[in-house]
Every structure is written in structure tokens, then in C-alpha cells.
Amino acid sequence: MKFCPNCKIEYTDEAIFCSDCNILLVEALPVPAPMNQCDNCSGEVDLDSDYCPQCGTLYAEDQYSCTNHPTGIATGVCVVCQKLFCNECLSEKKKRLYCTDHVHIEASEGWTVIFSSTDYYEAEIIRGKLDSAGITTHSTNTTNIGVLADGFMDNALGRTIFRYPIKIFVPADQYLSAKEILSEGPAADDTED
Ligand SMILES: [Zn+2]
Ligand SMILES: [Zn+2]
Ligand SMILES: [Zn+2]
Ligand SMILES: [Zn+2]
């Protein structure tokens with residue numbers, strides 16, 4: 001028996017590729033690691049994790065100090081930088097914890113806004129960069145892009161739609177790596193004169 005690692009369909013031993021997904025079949029499907037469920041956000045957490053990366057709740061019984069105040073006792077983890085902070089340094093927004101540096105990032109359901117603009121071409125470039133770096137993205141207000149690229153709706157009504165900025169989201173814990181990727185490479189068109 002063989003399996004497709006993507007769609008999980010069973011094949012006979014003679015089969016080599018999944019006819020649906022066009023990828024190599026494997027002898028056995030990987031067993032998903034057992035996970036704990038976070039009491040606070042019901043997110044899945046590694047069994048050996050000391051905290052929930054999705055909401056920042058700390059489970060560890062050991063005491064850790066705050067990243068900002070060595071004397072402060074950490075009460076949670078910032079979901080963006082994944083560092084330990086005390087009560088004073090953490091703010092809760094929609095059941096998720098953020099440090100003072102990251103509390104202002106626009107976030108929704110564990111996703112953070114890495115880029116927001118009405119310039120849909122730039123948005124596509126940004127999204128492409130993140131995709132090729134292996135960062136999961138999801139964006140809002142982009143369904144109109146294809147429409148406009150076709151020249152369809154390039155009229156007063158169509159352009160009104162684009163007043164709503166396109167927002168590109170990345171998972172909160174990938175926000176900082178995404179920022180780094182976007183700051184790399186040739187600076188877009190920053191003319192310093
Ligand atoms: Zn398949
Ligand atoms: Zn949680
Ligand atoms: Zn932070
Ligand atoms: Zn602190």
C-alpha cells in the first residue's frame with residue numbers, strides 16, 4: 001500500500017505518482033505529533049512547549065524574568081517576537097498578548113498585517129517575495145486585482161473599490177522574519193538625494 005502525502009489517498013504498491021496531485025507516493029503517511037490544546041485560545045500547542053505561541057499564555061511552572069526588566073517576573077509571551085514579558089510590558093488584544101513594541105501592529109485572529117496599500121502592483125510584489133521565502137500569506141481585498149489587471153472595471157466605480165487598501169497578513173510569529181525579508185535586497189525606489 002502506498003499513499004499520497006498531499007491528498008492522503010491510498011494507492012497500490014505498483015503506483016508511483018498520485019494522479020491527482022502529480023507527486024511521488026510514499027510508503028507510509030507521517031503520524032501527526034500529539035498536541036495539547038491551549039486553555040485560553042484552544043489553539044494547538046506542542047506537548048513540550050512552555051507557552052502557547054498563538055496567544056502568548058505561559059504554562060511553565062518555572063519562573064522566568066521579563067525581557068525588559070530582569071527583576072520582573074514574566075507572565076506571558078508576545079505573539080509577535082515570542083519573548084517573555086511581565087504584566088506591565090504586555091497588553092492583551094482579543095485574547096492575545098503583545099509587548100509594547102508590537103502592540104500597535106494591526107492583527108486579526110493570529111495574523112498580523114505586514115503590508116497595507118492601495119497600490120495593488122506593489123502588493124503583488126510584496127506577496128511574491130514572501131511566498132518565495134516560504135512565508136504563509138493571506139490577503140484581503142485582492143480579489144479585485146485580477147479584474148483590474150484585465151482592464152475590466154477600470155472606471156470610476158472600479159477605482160472606488162481600490163480605495164480600500166489591500167492588506168497582506170502573515171502569521172504573528174512570522175511577522176519579524178517577514179519584515180526582515182522585505183527590508184532585504186535592493187531598496188525599492190528610495191532615491192536619496
Ligand atoms: Zn494526491
Ligand atoms: Zn493559546
Ligand atoms: Zn513583541
Ligand atoms: Zn517587564
# chains A, B, ... in the order shown; residues from 1 in each chain; ligands from 1

$ closest_atom_pairs --of "chain A" --to "ligand 4" --cutoff "10 Å" --atoms "only C-alpha atoms and all ligand atoms" --output "JSON lines"
{"residue": "A:Ser65", "atom": "CA", "partner": "ligand 4", "partner_atom_place_in_ligand_line": "1 (Zn)", "distance": 8.0}
{"residue": "A:Cys66", "atom": "CA", "partner": "ligand 4", "partner_atom_place_in_ligand_line": "1 (Zn)", "distance": 4.8}
{"residue": "A:Thr67", "atom": "CA", "partner": "ligand 4", "partner_atom_place_in_ligand_line": "1 (Zn)", "distance": 6.4}
{"residue": "A:Asn68", "atom": "CA", "partner": "ligand 4", "partner_atom_place_in_ligand_line": "1 (Zn)", "distance": 4.8}
{"residue": "A:His69", "atom": "CA", "partner": "ligand 4", "partner_atom_place_in_ligand_line": "1 (Zn)", "distance": 4.7}
{"residue": "A:Pro70", "atom": "CA", "partner": "ligand 4", "partner_atom_place_in_ligand_line": "1 (Zn)", "distance": 7.7}
{"residue": "A:Thr71", "atom": "CA", "partner": "ligand 4", "partner_atom_place_in_ligand_line": "1 (Zn)", "distance": 8.1}
{"residue": "A:Gly72", "atom": "CA", "partner": "ligand 4", "partner_atom_place_in_ligand_line": "1 (Zn)", "distance": 5.5}
{"residue": "A:Ile73", "atom": "CA", "partner": "ligand 4", "partner_atom_place_in_ligand_line": "1 (Zn)", "distance": 7.5}
{"residue": "A:Ala74", "atom": "CA", "partner": "ligand 4", "partner_atom_place_in_ligand_line": "1 (Zn)", "distance": 7.1}
{"residue": "A:Thr75", "atom": "CA", "partner": "ligand 4", "partner_atom_place_in_ligand_line": "1 (Zn)", "distance": 9.1}
{"residue": "A:Leu84", "atom": "CA", "partner": "ligand 4", "partner_atom_place_in_ligand_line": "1 (Zn)", "distance": 8.5}
{"residue": "A:Phe85", "atom": "CA", "partner": "ligand 4", "partner_atom_place_in_ligand_line": "1 (Zn)", "distance": 5.1}
{"residue": "A:Cys86", "atom": "CA", "partner": "ligand 4", "partner_atom_place_in_ligand_line": "1 (Zn)", "distance": 4.2}
{"residue": "A:Asn87", "atom": "CA", "partner": "ligand 4", "partner_atom_place_in_ligand_line": "1 (Zn)", "distance": 6.5}
{"residue": "A:Glu88", "atom": "CA", "partner": "ligand 4", "partner_atom_place_in_ligand_line": "1 (Zn)", "distance": 5.4}
{"residue": "A:Cys89", "atom": "CA", "partner": "ligand 4", "partner_atom_place_in_ligand_line": "1 (Zn)", "distance": 4.5}
{"residue": "A:Leu90", "atom": "CA", "partner": "ligand 4", "partner_atom_place_in_ligand_line": "1 (Zn)", "distance": 7.5}
{"residue": "A:Cys99", "atom": "CA", "partner": "ligand 4", "partner_atom_place_in_ligand_line": "1 (Zn)", "distance": 8.8}
{"residue": "A:Thr100", "atom": "CA", "partner": "ligand 4", "partner_atom_place_in_ligand_line": "1 (Zn)", "distance": 9.5}

$ write_last_selection --atoms "N, CA and C atoms" --output "compact mmCIF listing (two decimals), in the first residue's frame"
# COMPACT_ATOMS: atom_id res chain seq x y z
N SER A 65 12.33 35.66 33.88
CA SER A 65 12.25 37.11 34.03
C SER A 65 11.82 37.77 32.73
N CYS A 66 11.30 38.98 32.90
CA CYS A 66 10.83 39.78 31.78
C CYS A 66 12.02 40.19 30.92
N THR A 67 11.84 40.18 29.60
CA THR A 67 12.89 40.59 28.67
C THR A 67 13.32 42.03 28.92
N ASN A 68 12.40 42.89 29.33
CA ASN A 68 12.72 44.29 29.58
C ASN A 68 13.24 44.55 31.00
N HIS A 69 12.67 43.86 31.98
CA HIS A 69 13.06 44.08 33.38
C HIS A 69 13.56 42.78 33.96
N PRO A 70 14.84 42.65 34.17
CA PRO A 70 15.35 41.40 34.74
C PRO A 70 14.70 41.09 36.09
N THR A 71 14.18 42.11 36.76
CA THR A 71 13.57 41.88 38.08
C THR A 71 12.10 41.49 37.98
N GLY A 72 11.48 41.79 36.84
CA GLY A 72 10.06 41.46 36.68
C GLY A 72 9.88 39.99 36.33
N ILE A 73 8.79 39.43 36.82
CA ILE A 73 8.52 38.02 36.52
C ILE A 73 7.64 37.93 35.29
N ALA A 74 8.09 37.14 34.34
CA ALA A 74 7.35 37.01 33.08
C ALA A 74 6.00 36.36 33.32
N THR A 75 4.98 36.94 32.72
CA THR A 75 3.64 36.36 32.86
C THR A 75 3.10 35.88 31.52
N LEU A 84 9.57 36.61 26.40
CA LEU A 84 8.88 36.65 27.68
C LEU A 84 8.79 38.07 28.22
N PHE A 85 7.63 38.43 28.75
CA PHE A 85 7.45 39.76 29.34
C PHE A 85 6.61 39.67 30.61
N CYS A 86 6.76 40.73 31.44
CA CYS A 86 5.95 40.81 32.66
C CYS A 86 4.61 41.48 32.33
N ASN A 87 3.73 41.49 33.30
CA ASN A 87 2.40 42.10 33.16
C ASN A 87 2.44 43.52 32.64
N GLU A 88 3.40 44.29 33.18
CA GLU A 88 3.50 45.71 32.83
C GLU A 88 3.83 45.90 31.36
N CYS A 89 4.60 44.98 30.80
CA CYS A 89 5.09 45.14 29.44
C CYS A 89 4.16 44.49 28.41
N LEU A 90 3.16 43.79 28.88
CA LEU A 90 2.28 43.09 27.95
C LEU A 90 0.92 43.76 27.86
N CYS A 99 3.89 42.67 23.27
CA CYS A 99 4.78 43.53 24.04
C CYS A 99 4.57 44.97 23.57
N THR A 100 5.16 45.93 24.27
CA THR A 100 4.92 47.34 23.95
C THR A 100 5.41 47.69 22.53

$ residues_near_ligand --ligand "ligand 2" --cutoff "6 Å" --atoms "only C-alpha atoms and all ligand atoms" --output "compact mmCIF listing (two decimals) with N, CA and C atoms, in the first residue's frame"
# COMPACT_ATOMS: atom_id res chain seq x y z
N CYS A 38 -4.61 24.64 23.93
CA CYS A 38 -4.43 25.76 24.84
C CYS A 38 -5.75 26.08 25.54
N ASN A 40 -6.58 28.79 26.88
CA ASN A 40 -7.01 30.17 26.65
C ASN A 40 -7.60 30.37 25.26
N CYS A 41 -6.91 29.87 24.22
CA CYS A 41 -7.36 30.18 22.85
C CYS A 41 -7.77 28.93 22.09
N SER A 42 -7.67 27.76 22.70
CA SER A 42 -7.98 26.47 22.07
C SER A 42 -7.09 26.15 20.88
N GLY A 43 -6.00 26.90 20.73
CA GLY A 43 -5.05 26.61 19.65
C GLY A 43 -4.26 25.35 19.98
N CYS A 52 1.92 29.05 24.82
CA CYS A 52 1.13 28.95 23.60
C CYS A 52 1.62 30.02 22.63
N GLN A 54 0.37 30.95 19.99
CA GLN A 54 -0.73 31.66 19.32
C GLN A 54 -1.36 32.75 20.16
N CYS A 55 -1.39 32.59 21.49
CA CYS A 55 -2.00 33.65 22.31
C CYS A 55 -1.00 34.20 23.33
N THR A 57 -0.01 32.69 26.19
CA THR A 57 -0.18 32.18 27.55
C THR A 57 1.02 31.33 27.96

$ residues_near_ligand --ligand "ligand 3" --cutoff "8 Å" --atoms "only C-alpha atoms and all ligand atoms" --output "list of chain:residue names"
A:Val77, A:Cys78, A:Val79, A:Val80, A:Cys81, A:Gln82, A:Lys83, A:Tyr98, A:Cys99, A:Thr100, A:Asp101, A:His102, A:Val103

$ residues_around --residues "Tyr51 in chain A" --least-positions-apart "6" --cutoff "8 Å" --atoms "only C-alpha atoms" --output "PyMOL selection string"
chain A and resi 45+57-60+76-77

$ write_last_selection --atoms "C-alpha atoms" --output "mmCIF file, in the first residue's frame"
data_model
loop_
_atom_site.group_PDB
_atom_site.id
_atom_site.type_symbol
_atom_site.label_atom_id
_atom_site.label_comp_id
_atom_site.auth_asym_id
_atom_site.auth_seq_id
_atom_site.Cartn_x
_atom_site.Cartn_y
_atom_site.Cartn_z
ATOM 1 C CA VAL A 45 0.381 23.598 21.183
ATOM 2 C CA THR A 57 -0.184 32.180 27.553
ATOM 3 C CA LEU A 58 2.653 30.868 29.685
ATOM 4 C CA TYR A 59 2.335 27.324 31.083
ATOM 5 C CA ALA A 60 5.802 26.911 32.536
ATOM 6 C CA GLY A 76 3.350 35.737 29.156
ATOM 7 C CA VAL A 77 4.917 35.747 25.709
#

$ residues_near_ligand --ligand "ligand 1" --cutoff "10 Å" --atoms "only C-alpha atoms and all ligand atoms" --output "tab-separated table (two decimals) with N, CA and C atoms, in the first residue's frame"
chain	number	residue	atom	x	y	z
A	3	PHE	N	0.69	5.76	-0.30
A	3	PHE	CA	-0.19	6.89	-0.02
A	3	PHE	C	0.33	8.16	-0.68
A	4	CYS	N	-0.59	9.04	-1.02
A	4	CYS	CA	-0.20	10.37	-1.48
A	4	CYS	C	-0.03	11.25	-0.25
A	5	PRO	N	1.17	11.85	-0.10
A	5	PRO	CA	1.38	12.68	1.10
A	5	PRO	C	0.53	13.95	1.10
A	6	ASN	N	0.00	14.28	-0.06
A	6	ASN	CA	-0.80	15.50	-0.13
A	6	ASN	C	-2.28	15.23	0.14
A	7	CYS	N	-2.91	14.39	-0.70
A	7	CYS	CA	-4.35	14.19	-0.55
A	7	CYS	C	-4.68	12.97	0.30
A	8	LYS	N	-3.64	12.18	0.71
A	8	LYS	CA	-3.79	11.03	1.60
A	8	LYS	C	-4.53	9.84	0.98
A	9	ILE	N	-4.75	9.88	-0.35
A	9	ILE	CA	-5.45	8.77	-0.99
A	9	ILE	C	-4.55	7.54	-1.03
A	10	GLU	N	-5.14	6.36	-0.87
A	10	GLU	CA	-4.38	5.11	-0.91
A	10	GLU	C	-4.20	4.64	-2.34
A	11	TYR	N	-3.00	4.09	-2.62
A	11	TYR	CA	-2.71	3.52	-3.93
A	11	TYR	C	-2.15	2.12	-3.75
A	17	PHE	N	3.05	7.74	-8.83
A	17	PHE	CA	2.62	9.13	-8.63
A	17	PHE	C	1.14	9.17	-8.25
A	18	CYS	N	0.77	10.20	-7.51
A	18	CYS	CA	-0.64	10.46	-7.29
A	18	CYS	C	-1.19	11.10	-8.56
A	19	SER	N	-2.23	10.50	-9.12
A	19	SER	CA	-2.74	11.01	-10.40
A	19	SER	C	-3.45	12.35	-10.23
A	20	ASP	N	-3.84	12.67	-9.02
A	20	ASP	CA	-4.50	13.96	-8.78
A	20	ASP	C	-3.48	15.06	-8.51
A	21	CYS	N	-2.48	14.75	-7.70
A	21	CYS	CA	-1.56	15.79	-7.23
A	21	CYS	C	-0.24	15.79	-7.99
A	22	ASN	N	0.01	14.71	-8.80
A	22	ASN	CA	1.24	14.64	-9.56
A	22	ASN	C	2.49	14.65	-8.69
A	23	ILE	N	2.43	14.05	-7.53
A	23	ILE	CA	3.64	13.97	-6.69
A	23	ILE	C	3.91	12.52	-6.33
A	24	LEU	N	5.14	12.25	-5.92
A	24	LEU	CA	5.57	10.89	-5.59
A	24	LEU	C	4.79	10.36	-4.39
A	25	LEU	N	4.42	9.07	-4.49
A	25	LEU	CA	3.72	8.45	-3.37
A	25	LEU	C	4.72	8.01	-2.31

$ select_by_dssp --residues "range 18-148 of chain A" --states "strand (DSSP E)" --output "PyMOL selection string"
chain A and resi 35-37+44-46+76-77+84-85+90-93+96-99+107-108+111-117+138-140

$ write_last_selection --atoms "N, CA and C atoms" --output "PDB file, in the first residue's frame"
ATOM      1  N   MET A  35      -0.741  16.772  20.122  1.00  0.00           N
ATOM      2  CA  MET A  35      -0.697  18.174  20.516  1.00  0.00           C
ATOM      3  C   MET A  35      -1.564  18.396  21.748  1.00  0.00           C
ATOM      4  N   ASN A  36      -1.230  19.435  22.496  1.00  0.00           N
ATOM      5  CA  ASN A  36      -2.101  19.889  23.571  1.00  0.00           C
ATOM      6  C   ASN A  36      -3.004  20.981  23.047  1.00  0.00           C
ATOM      7  N   GLN A  37      -4.086  21.192  23.754  1.00  0.00           N
ATOM      8  CA  GLN A  37      -4.941  22.300  23.377  1.00  0.00           C
ATOM      9  C   GLN A  37      -4.785  23.403  24.411  1.00  0.00           C
ATOM     10  N   GLU A  44      -3.632  24.774  18.967  1.00  0.00           N
ATOM     11  CA  GLU A  44      -2.827  23.576  19.189  1.00  0.00           C
ATOM     12  C   GLU A  44      -1.421  23.960  19.610  1.00  0.00           C
ATOM     13  N   VAL A  45      -0.932  23.275  20.625  1.00  0.00           N
ATOM     14  CA  VAL A  45       0.381  23.598  21.183  1.00  0.00           C
ATOM     15  C   VAL A  45       1.192  22.311  21.297  1.00  0.00           C
ATOM     16  N   ASP A  46       2.469  22.370  20.931  1.00  0.00           N
ATOM     17  CA  ASP A  46       3.363  21.215  21.103  1.00  0.00           C
ATOM     18  C   ASP A  46       3.317  20.739  22.545  1.00  0.00           C
ATOM     19  N   GLY A  76       3.826  36.165  30.464  1.00  0.00           N
ATOM     20  CA  GLY A  76       3.350  35.737  29.156  1.00  0.00           C
ATOM     21  C   GLY A  76       4.384  35.995  28.082  1.00  0.00           C
ATOM     22  N   VAL A  77       4.018  35.654  26.847  1.00  0.00           N
ATOM     23  CA  VAL A  77       4.917  35.747  25.709  1.00  0.00           C
ATOM     24  C   VAL A  77       4.249  36.607  24.639  1.00  0.00           C
ATOM     25  N   LEU A  84       9.575  36.610  26.397  1.00  0.00           N
ATOM     26  CA  LEU A  84       8.877  36.652  27.681  1.00  0.00           C
ATOM     27  C   LEU A  84       8.789  38.073  28.217  1.00  0.00           C
ATOM     28  N   PHE A  85       7.631  38.428  28.751  1.00  0.00           N
ATOM     29  CA  PHE A  85       7.447  39.755  29.341  1.00  0.00           C
ATOM     30  C   PHE A  85       6.610  39.666  30.608  1.00  0.00           C
ATOM     31  N   LEU A  90       3.157  43.787  28.881  1.00  0.00           N
ATOM     32  CA  LEU A  90       2.277  43.090  27.952  1.00  0.00           C
ATOM     33  C   LEU A  90       0.922  43.760  27.865  1.00  0.00           C
ATOM     34  N   SER A  91       0.354  43.768  26.680  1.00  0.00           N
ATOM     35  CA  SER A  91      -1.023  44.226  26.522  1.00  0.00           C
ATOM     36  C   SER A  91      -1.795  43.109  25.862  1.00  0.00           C
ATOM     37  N   GLU A  92      -3.042  42.979  26.270  1.00  0.00           N
ATOM     38  CA  GLU A  92      -3.863  41.941  25.683  1.00  0.00           C
ATOM     39  C   GLU A  92      -4.806  42.560  24.666  1.00  0.00           C
ATOM     40  N   LYS A  93      -4.805  41.988  23.472  1.00  0.00           N
ATOM     41  CA  LYS A  93      -5.749  42.422  22.447  1.00  0.00           C
ATOM     42  C   LYS A  93      -6.428  41.176  21.926  1.00  0.00           C
ATOM     43  N   ARG A  96      -4.987  37.890  22.884  1.00  0.00           N
ATOM     44  CA  ARG A  96      -3.603  37.593  22.538  1.00  0.00           C
ATOM     45  C   ARG A  96      -2.691  38.646  23.164  1.00  0.00           C
ATOM     46  N   LEU A  97      -1.483  38.226  23.541  1.00  0.00           N
ATOM     47  CA  LEU A  97      -0.572  39.120  24.242  1.00  0.00           C
ATOM     48  C   LEU A  97       0.459  39.728  23.284  1.00  0.00           C
ATOM     49  N   TYR A  98       0.728  41.012  23.508  1.00  0.00           N
ATOM     50  CA  TYR A  98       1.711  41.731  22.696  1.00  0.00           C
ATOM     51  C   TYR A  98       2.608  42.539  23.615  1.00  0.00           C
ATOM     52  N   CYS A  99       3.888  42.670  23.273  1.00  0.00           N
ATOM     53  CA  CYS A  99       4.780  43.535  24.036  1.00  0.00           C
ATOM     54  C   CYS A  99       4.571  44.971  23.572  1.00  0.00           C
ATOM     55  N   ALA A 107      -3.670  43.451  13.808  1.00  0.00           N
ATOM     56  CA  ALA A 107      -3.722  41.996  13.846  1.00  0.00           C
ATOM     57  C   ALA A 107      -5.156  41.511  13.804  1.00  0.00           C
ATOM     58  N   SER A 108      -5.305  40.290  13.370  1.00  0.00           N
ATOM     59  CA  SER A 108      -6.628  39.681  13.335  1.00  0.00           C
ATOM     60  C   SER A 108      -6.476  38.170  13.418  1.00  0.00           C
ATOM     61  N   TRP A 111      -3.184  36.606  12.862  1.00  0.00           N
ATOM     62  CA  TRP A 111      -2.489  37.102  11.670  1.00  0.00           C
ATOM     63  C   TRP A 111      -2.154  38.568  11.889  1.00  0.00           C
ATOM     64  N   THR A 112      -1.004  38.996  11.382  1.00  0.00           N
ATOM     65  CA  THR A 112      -0.611  40.400  11.522  1.00  0.00           C
ATOM     66  C   THR A 112      -0.458  41.023  10.142  1.00  0.00           C
ATOM     67  N   VAL A 113      -0.771  42.290  10.051  1.00  0.00           N
ATOM     68  CA  VAL A 113      -0.694  42.990   8.770  1.00  0.00           C
ATOM     69  C   VAL A 113       0.748  43.425   8.527  1.00  0.00           C
ATOM     70  N   ILE A 114       1.366  42.874   7.494  1.00  0.00           N
ATOM     71  CA  ILE A 114       2.759  43.190   7.182  1.00  0.00           C
ATOM     72  C   ILE A 114       2.822  44.304   6.149  1.00  0.00           C
ATOM     73  N   PHE A 115       1.749  44.459   5.393  1.00  0.00           N
ATOM     74  CA  PHE A 115       1.760  45.445   4.313  1.00  0.00           C
ATOM     75  C   PHE A 115       0.332  45.876   4.024  1.00  0.00           C
ATOM     76  N   SER A 116       0.159  47.167   3.845  1.00  0.00           N
ATOM     77  CA  SER A 116      -1.167  47.673   3.541  1.00  0.00           C
ATOM     78  C   SER A 116      -1.021  48.832   2.570  1.00  0.00           C
ATOM     79  N   SER A 117      -1.707  48.757   1.462  1.00  0.00           N
ATOM     80  CA  SER A 117      -1.571  49.804   0.450  1.00  0.00           C
ATOM     81  C   SER A 117      -2.707  49.695  -0.547  1.00  0.00           C
ATOM     82  N   HIS A 138      -1.792  35.740   3.657  1.00  0.00           N
ATOM     83  CA  HIS A 138      -3.175  35.764   3.228  1.00  0.00           C
ATOM     84  C   HIS A 138      -3.515  37.229   3.111  1.00  0.00           C
ATOM     85  N   SER A 139      -4.320  37.578   2.132  1.00  0.00           N
ATOM     86  CA  SER A 139      -4.550  38.995   1.928  1.00  0.00           C
ATOM     87  C   SER A 139      -6.032  39.276   1.766  1.00  0.00           C
ATOM     88  N   THR A 140      -6.389  40.492   2.076  1.00  0.00           N
ATOM     89  CA  THR A 140      -7.772  40.897   1.906  1.00  0.00           C
ATOM     90  C   THR A 140      -7.832  41.922   0.796  1.00  0.00           C
TER      91      THR A 140
END

$ select_by_dssp --residues "range 9-187 of chain A" --states "helix (DSSP H, G or I)" --output "VMD selection string"
chain A and resid 87 to 89 120 to 132 143 to 149 156 to 161 172 to 183

$ write_last_selection --atoms "N, CA and C atoms" --output "compact mmCIF listing (two decimals), in the first residue's frame"
# COMPACT_ATOMS: atom_id res chain seq x y z
N ASN A 87 3.73 41.49 33.30
CA ASN A 87 2.40 42.10 33.16
C ASN A 87 2.44 43.52 32.64
N GLU A 88 3.40 44.29 33.18
CA GLU A 88 3.50 45.71 32.83
C GLU A 88 3.83 45.90 31.36
N CYS A 89 4.60 44.98 30.80
CA CYS A 89 5.09 45.14 29.44
C CYS A 89 4.16 44.49 28.41
N TYR A 120 -1.88 48.06 -5.80
CA TYR A 120 -2.00 46.60 -5.90
C TYR A 120 -0.82 45.96 -6.59
N TYR A 121 -0.10 46.71 -7.44
CA TYR A 121 1.09 46.11 -8.07
C TYR A 121 2.17 45.88 -7.02
N GLU A 122 2.34 46.88 -6.16
CA GLU A 122 3.33 46.74 -5.09
C GLU A 122 2.93 45.58 -4.18
N ALA A 123 1.65 45.51 -3.88
CA ALA A 123 1.17 44.43 -3.01
C ALA A 123 1.50 43.07 -3.60
N GLU A 124 1.35 42.94 -4.93
CA GLU A 124 1.66 41.66 -5.58
C GLU A 124 3.14 41.33 -5.45
N ILE A 125 3.99 42.35 -5.59
CA ILE A 125 5.43 42.15 -5.47
C ILE A 125 5.78 41.68 -4.05
N ILE A 126 5.20 42.38 -3.06
CA ILE A 126 5.44 42.03 -1.66
C ILE A 126 4.99 40.59 -1.41
N ARG A 127 3.81 40.26 -1.91
CA ARG A 127 3.29 38.92 -1.67
C ARG A 127 4.19 37.87 -2.32
N GLY A 128 4.66 38.17 -3.53
CA GLY A 128 5.55 37.25 -4.22
C GLY A 128 6.84 37.01 -3.45
N LYS A 129 7.40 38.09 -2.91
CA LYS A 129 8.63 37.99 -2.12
C LYS A 129 8.43 37.08 -0.92
N LEU A 130 7.32 37.28 -0.21
CA LEU A 130 7.05 36.50 0.99
C LEU A 130 6.77 35.04 0.63
N ASP A 131 6.01 34.84 -0.45
CA ASP A 131 5.70 33.47 -0.88
C ASP A 131 6.98 32.72 -1.20
N SER A 132 7.90 33.36 -1.94
CA SER A 132 9.10 32.64 -2.34
C SER A 132 10.04 32.43 -1.17
N THR A 143 -9.06 40.24 -4.41
CA THR A 143 -9.81 39.56 -5.47
C THR A 143 -10.04 40.50 -6.64
N ASN A 144 -9.99 41.80 -6.38
CA ASN A 144 -10.24 42.76 -7.45
C ASN A 144 -9.04 42.94 -8.36
N ILE A 145 -7.88 42.50 -7.89
CA ILE A 145 -6.67 42.76 -8.66
C ILE A 145 -6.75 42.18 -10.05
N GLY A 146 -7.13 40.90 -10.15
CA GLY A 146 -7.23 40.25 -11.45
C GLY A 146 -8.17 41.01 -12.35
N VAL A 147 -9.25 41.45 -11.77
CA VAL A 147 -10.26 42.17 -12.53
C VAL A 147 -9.66 43.43 -13.14
N LEU A 148 -8.92 44.17 -12.35
CA LEU A 148 -8.37 45.42 -12.85
C LEU A 148 -7.25 45.15 -13.84
N ALA A 149 -6.45 44.11 -13.57
CA ALA A 149 -5.34 43.80 -14.47
C ALA A 149 -5.86 43.49 -15.86
N ALA A 156 -14.72 54.61 -13.03
CA ALA A 156 -14.93 55.30 -11.76
C ALA A 156 -15.34 54.33 -10.66
N LEU A 157 -16.27 53.44 -10.96
CA LEU A 157 -16.73 52.50 -9.94
C LEU A 157 -15.61 51.54 -9.54
N GLY A 158 -14.93 51.02 -10.55
CA GLY A 158 -13.84 50.07 -10.30
C GLY A 158 -12.77 50.70 -9.42
N ARG A 159 -12.42 51.93 -9.74
CA ARG A 159 -11.36 52.57 -8.97
C ARG A 159 -11.79 52.87 -7.54
N THR A 160 -13.07 53.08 -7.33
CA THR A 160 -13.56 53.30 -5.97
C THR A 160 -13.23 52.12 -5.08
N ILE A 161 -13.38 50.92 -5.67
CA ILE A 161 -13.11 49.69 -4.91
C ILE A 161 -11.69 49.71 -4.36
N ALA A 172 1.37 35.81 13.10
CA ALA A 172 2.02 36.72 14.05
C ALA A 172 3.46 36.32 14.33
N ASP A 173 3.72 35.01 14.49
CA ASP A 173 5.08 34.60 14.85
C ASP A 173 6.03 34.65 13.65
N GLN A 174 5.51 34.96 12.46
CA GLN A 174 6.40 35.11 11.30
C GLN A 174 6.55 36.58 10.90
N TYR A 175 5.93 37.46 11.67
CA TYR A 175 5.94 38.89 11.34
C TYR A 175 7.36 39.44 11.23
N LEU A 176 8.19 39.11 12.22
CA LEU A 176 9.54 39.69 12.23
C LEU A 176 10.40 39.14 11.09
N SER A 177 10.28 37.84 10.78
CA SER A 177 11.05 37.32 9.65
C SER A 177 10.55 37.92 8.35
N ALA A 178 9.25 38.13 8.26
CA ALA A 178 8.69 38.74 7.05
C ALA A 178 9.23 40.16 6.88
N LYS A 179 9.29 40.90 7.98
CA LYS A 179 9.84 42.28 7.95
C LYS A 179 11.26 42.25 7.43
N GLU A 180 12.02 41.29 7.94
CA GLU A 180 13.43 41.19 7.56
C GLU A 180 13.56 40.90 6.06
N ILE A 181 12.75 39.97 5.57
CA ILE A 181 12.79 39.62 4.15
C ILE A 181 12.47 40.85 3.30
N LEU A 182 11.49 41.62 3.73
CA LEU A 182 11.08 42.78 2.94
C LEU A 182 12.10 43.91 3.00
N SER A 183 12.92 43.92 4.06
CA SER A 183 13.90 45.00 4.15
C SER A 183 15.19 44.63 3.41
